[in-house]
Amino acid sequence: MSEHDLQAILQKLKSPSTSYQESSSLLSKAKLTLLKLKALTPQPSTSSSILSLAREVFETGALLSIRAKDPAAFTRYVHQLTPYYELPADKFIVKSSGEKNKITGLYLLLLLTQGDYAGFHTELEGLELRGEIGGKRAEEDKYLGYPIKLERWLMEGSYDLVWKAMEGGKVPSEEYGVFSEILINQIRSEIASSSEAAYPSIPIASTKNLLFLPSEGAVVQFAQHRGWLIEDGRIYFPNQKLKGSVNVEAGEVAEEKEVSMTAIENTLGYARELETIETFMQTVYDVLEQGKIGILESPTGTGKSLSLICGSLTWLRDFKRKEFVGLWNEGFENSEEPEWVIKLAGERKKKELVSRREDMEERLKKVREREMRERDKMGGRGDMGGGKRRKIGGDEEGNVVMGENNGEEDFLLEDWDSDGEDGGGKRKTGDEAIFSKETLELMESVGMRSKRTDEEEELDDELKIFYCSRTHSQLTQFINELRRVEFPSSMPPEDSPAVPKGKDKDSLREPLKHLTLGSRKNLCINTKVNKLTSATAINERCAELQQSSTPKEHKCPHLPNNDNKSLVTTFRDHALATIRDIEDMGALGKEISICPYYASRSAIKPAEIVTLPYPLLLQKSAREALGISLKGHVVIIDEAHNLMDAIEGIYGAEMSLRELRLAKEMVWNYLKKFGKKLKGKNRVYTAQVVRVVDSLIHYLTTRLKGMKIDGVVKEKELLAEKGVDQINLFKLIRYLQESKLARKVESYTIHALTITTTTALEATLFPYNANDPPKPSATPILHTLTSLLLALTHPTSEGQLFFIKEAPALAFDFITLKFQLLDPASHFEPIVAEARAVILAGGTMSPFSDFTSLLFPSISPDKITTLTCGHVIPNTSLFASSISQGPTGLNFRWTYANRENTRMKDELGRLLLDICTVIPGGVVVFFPSYKFLNDVLTYFSFPASETQTSILSGLTKKKGFFKESKTESVEDVLGKYAKSIDEGKGGLLFSVVGGKLSEGINFSDDLGRCVVIVGIPFPNANTAEWKRKMEFIEEAAIARLSSDSDTGNGEGEGEREVGGGKTGMTKEEIKKIAKEKAQDYYLNVTMRSVNQSIGRVIRHKNDWAAIFMIDERYRDEKVKGKLAGWIRGKVREENVFGRPLKTFCNRNKASGLYVDGI
């Protein structure tokens, strides 16, 4: 389906003749279309036209659900519209559909009718904070003003004004009229309750007017419903003691009590939410102020991102104001000069500082005003300027035209400059090895090199926050939050350059200076380069275009040069003037016709907050390439639960025997073709590459014949063949990194296979055939080899090499050489040492002990602050239970040995059938591994006997069944699952802990009404990798415990064998504690993955779900203590849960939080 299909569906939806049932079906089709267009939620890559259509679909659905009197469906549409309403207007073809305030007003009205006053005020405060009221008071808006006035009158008890506002259809639109009857009934109930408490009786005629009832007959009916007595034209209100004797339905008292408890819970929940947010923000502020390490946990949906923004940037502006005063007083503390001289000098220095700030703010203000004018001209279409952007050079598209001859000379290596290897001169390194002299001079002038120039000195390196998350998609969400807030000036009001004359200085707001950084793959605007398939290819091609040997006419036209210096400054000012995401940065580069990857570096120093993905912060070479200095700045890492895995992934490496054989064949063929043309060191080093690869192949081939499936690699054995141990690996690695051998070999191989018929051997080695034309690999195979060789140079204390055989065990070359980083602190400590403060934040950081011991081993505990925040949901929205027995009383204990137990599998099947019977919507079941999932599914597929149906058959009658697969894409699985739920069939999804669906997937609302964790997903502790990791943890613990050697306590020589610990522990005691530390780490890794899987559900404050952990070991105190804080104290230990679970589901359905219908 396409954009055209979406437009056609919308046209039908808006037709007056379309029934509600037809609308429901059309909306389902529209959402499936959006899912296929990857626009169910706004993405950076989504076009303006699709965004506008998606917004219109959800707005139409919201209004239809109100007309159908389906508040639950309306609530869902409001949540789906929120991210669209938070996008800037220029992201849409049409700035506004005109429905935003109408729907927001209806949502406020819905919250009123549900008695959710806390939610009402939170939503209203959010509107004001985001500035979404269009510069006027909310009460003045036709749609927003209506619920605001009603709420005020309700709070005042001015029920007559509410009645008059609703009387005679005096409502903003027909949809608002749906709520009139609901509110009037609530008012009647409130007045009735007050009357019961205030009077013993009241005349029927007075009651009619008091309760806004149309007739005395209606009064009698209402009185009977309330249990009032009617005698002699009067209504008598029984007291609480008499109430039981009146003809009242048995469940009414319980129902009233339930309503009261819900109201109390909502009020308390609002207070808890405010307290949680305030505590989180204050903790962030304190950590930065005191220069500490912060490890902060706050579940998804609790406002973590906004709290990080408010806490950190409030501190930043406060600190900069104090720092400003200190700067102009600096140097005069101990001066012997007269006071008037000191004061005059201070004033002069102050004036200079203010002037520099003034210049910057004025320049950025003009940029913002110019962009606003351009947007207004374009009707909000988003581009800063109209028409074609001007070209600087290249072809018609502004691209480089080169390599047209495609001759074999293109694959020949340039001569390798080996000066300096043996002390024979100064060798060019880094930028000098890549760029021409002219380019280097320009890079210095715009702040793209570490060498400072006079021009660069003019830009202060402002104190800033480096905010890091895993992906640009997550960073874009964070950037959207940044757009919602404003902060006081970074200078005292009386000195601030941004205060216009005659304006109130206390109301000053200084726009935030934000910059987002990305890789060349994200930011390259040269279409001849960015069309390449991999980041590596783009990086190398970019570097080639900048070499001094590249003819001027073939260089990239977008690269900064002496002719376009002013464009770099223009880019910098535009980048800082407004808050932009990575997509905006690329568009800005195209508009100005300057490379955003290089030009963005000039904006790093003046920026106040820099957002960037994990690799650009965690990798030292990436920081150096971008010119990032963390010295004295703040680092905040979000989604930090997998930080250690990310570091290990960046610095780890692996290569299979198949890849090594392929690498050897490729380099050998290259040598055969060009060996005679290669000169000097090129020939030597290329031959050395073949020898090293030969040695690695020999080692793995030997291990392939052995019985062990994995093991630790000794480096001496690895490089023992053909004198490889005599090769200087450091020189060889540098050659592979700085020469173009990898790309030349890869390109020649593809070229050769394209024009020749492959031999049988080549067909085996190369993954190409006649029907599948060769394409460049994502990463050239020699780059993978370089990473592996680089790993060999790491100290053994930091990491370890392993060989690992993979299934099928008897296959030709299914064995891999892998380097695993053991000590993430070795690469993270430099960041900690440079930064003023570091904050790690995430939704599932528990347990914390791994972060403190493995990432901050040298940091004193008093320098580390930890915080766990509860969830913002009320207790009534969570049903959590650890199940130790199945329906027939059989114990669940899913150890490796028990995973083949058929009785336990039967019991699991019965339990899942019970859960699927009660739980509406979607149920997600997580298994410890793909193998176990498939084993259970296979067992469930076969009936126990000829007269019985299979367990799977029973489950599929309850809900649509789906499972995670290593081969099927996440989008396809989720699409089918969501469709089944959307069609009212429900969904049961089998997944794997640590798999593709256990992280980063949002199972909110009906997509995840229940999550089930089957067993505890302990990793296999018998693998060589885990054994070595546990050994490393023990060794590190022993080293820490044995530090600060204690010579004894003087109570007699030989009486106590001292292990060197601070407390005089024996070696045995130290070893015991170290072993416990390793076991604790093993459990922590396991439970963090459990917490991450649980966190897929309950994604916002109005969400609700049940959580089941199926294993008796979840009742162990040590295991329970590792659960996330927001769930830990709420876990039931009841094996019979049918009735409580039904009550839980029914209550939440009735509360209006249940998503059903459209």
# chains A, B, ... in the order shown; residues from 1 in each chain; ligands from 1
$ residues_around --residues "A:Gly799" --least-positions-apart "6" --cutoff "7 Å" --atoms "only C-alpha atoms" --output "PyMOL selection string"
chain A and resi 819-823
$ residues_around --residues "A:Ala841" --least-positions-apart "6" --cutoff "10 Å" --atoms "only C-alpha atoms" --output "list in words"
Val284, Gly294, Ile295, Leu296, Glu297, Ser298, Lys304, Ser305, Leu308, Ser469, Ile636, Ile637, Asp638, Glu639, Ala640, His641, Thr866 and Leu867 of chain A
$ write_last_selection --atoms "C-alpha atoms" --output "PDB file, in the first residue's frame"
ATOM      1  CA  VAL A 284      20.777  15.542  38.443  1.00  0.00           C
ATOM      2  CA  GLY A 294      25.328   9.627  38.933  1.00  0.00           C
ATOM      3  CA  ILE A 295      23.609   6.307  38.169  1.00  0.00           C
ATOM      4  CA  LEU A 296      19.910   7.081  37.852  1.00  0.00           C
ATOM      5  CA  GLU A 297      16.999   4.761  37.099  1.00  0.00           C
ATOM      6  CA  SER A 298      13.567   5.994  36.064  1.00  0.00           C
ATOM      7  CA  LYS A 304      13.057  10.855  32.399  1.00  0.00           C
ATOM      8  CA  SER A 305      14.234  12.758  29.311  1.00  0.00           C
ATOM      9  CA  LEU A 308      17.336  15.184  32.592  1.00  0.00           C
ATOM     10  CA  SER A 469      22.134   7.790  23.462  1.00  0.00           C
ATOM     11  CA  ILE A 636      25.127  12.308  30.234  1.00  0.00           C
ATOM     12  CA  ILE A 637      24.583   8.831  28.798  1.00  0.00           C
ATOM     13  CA  ASP A 638      20.955   7.779  28.386  1.00  0.00           C
ATOM     14  CA  GLU A 639      19.741   4.213  27.803  1.00  0.00           C
ATOM     15  CA  ALA A 640      22.865   3.307  29.782  1.00  0.00           C
ATOM     16  CA  HIS A 641      21.677  -0.160  30.832  1.00  0.00           C
ATOM     17  CA  THR A 866      22.509   6.301  42.776  1.00  0.00           C
ATOM     18  CA  LEU A 867      18.765   6.841  42.492  1.00  0.00           C
TER      19      LEU A 867
END
$ closest_residue --among "A:Ala720, A:Cys524, A:Leu612, A:Met491" --to "A:Leu353" --atoms "only C-alpha atoms"
A:Met491
$ residues_around --residues "stretch 112-116 of chain A" --least-positions-apart "3" --cutoff "6 Å" --atoms "only C-alpha atoms" --output "list in words"
Leu109, Gly119 and Leu183 of chain A
$ write_last_selection --atoms "C-alpha atoms" --output "short mmCIF file (atom, residue, chain, number, x, y, z; two decimals), in the first residue's frame"
data_model
loop_
_atom_site.label_atom_id
_atom_site.label_comp_id
_atom_site.auth_asym_id
_atom_site.auth_seq_id
_atom_site.Cartn_x
_atom_site.Cartn_y
_atom_site.Cartn_z
CA LEU A 109 -12.97 17.14 28.97
CA GLY A 119 -4.15 14.30 34.70
CA LEU A 183 -20.83 15.57 33.51
#
$ closest_residue --among "A:Glu746, A:Gln948, A:Arg541, A:Glu608" --to "A:His554" --atoms "only C-alpha atoms"
A:Arg541
$ select_by_dssp --residues "stretch 531-714 of chain A" --states "strand (DSSP E or B)" --output "PyMOL selection string"
chain A and resi 609-613+634-637+653-656+710-712
$ closest_residue --among "A:Val692, A:Ala944, A:Ile859, A:Ile187" --to "A:Val838" --atoms "only C-alpha atoms"
A:Ile859
$ residues_around --residues "A:Glu510" --least-positions-apart "4" --cutoff "8 Å" --atoms "only C-alpha atoms" --output "MDAnalysis selection string"
chainID A and resid 486:490 498
$ write_last_selection --atoms "N, CA and C atoms" --output "tab-separated table (two decimals), in the first residue's frame"
chain	number	residue	atom	x	y	z
A	486	GLU	N	12.27	26.25	27.98
A	486	GLU	CA	13.05	27.48	27.95
A	486	GLU	C	13.77	27.63	29.29
A	487	PHE	N	14.90	28.34	29.27
A	487	PHE	CA	15.69	28.50	30.49
A	487	PHE	C	16.12	29.96	30.66
A	488	PRO	N	16.37	30.36	31.91
A	488	PRO	CA	16.86	31.72	32.15
A	488	PRO	C	18.20	31.94	31.45
A	489	SER	N	18.56	33.20	31.31
A	489	SER	CA	19.80	33.56	30.63
A	489	SER	C	21.02	33.00	31.36
A	490	SER	N	22.09	32.80	30.62
A	490	SER	CA	23.34	32.31	31.21
A	490	SER	C	24.14	33.44	31.85
A	498	ALA	N	20.70	39.78	25.88
A	498	ALA	CA	19.44	39.47	25.20
A	498	ALA	C	18.25	40.26	25.74
$ select_by_dssp --residues "stretch 992-1096 of chain A" --states "helix (DSSP H, G or I)" --output "count of residues only"
50
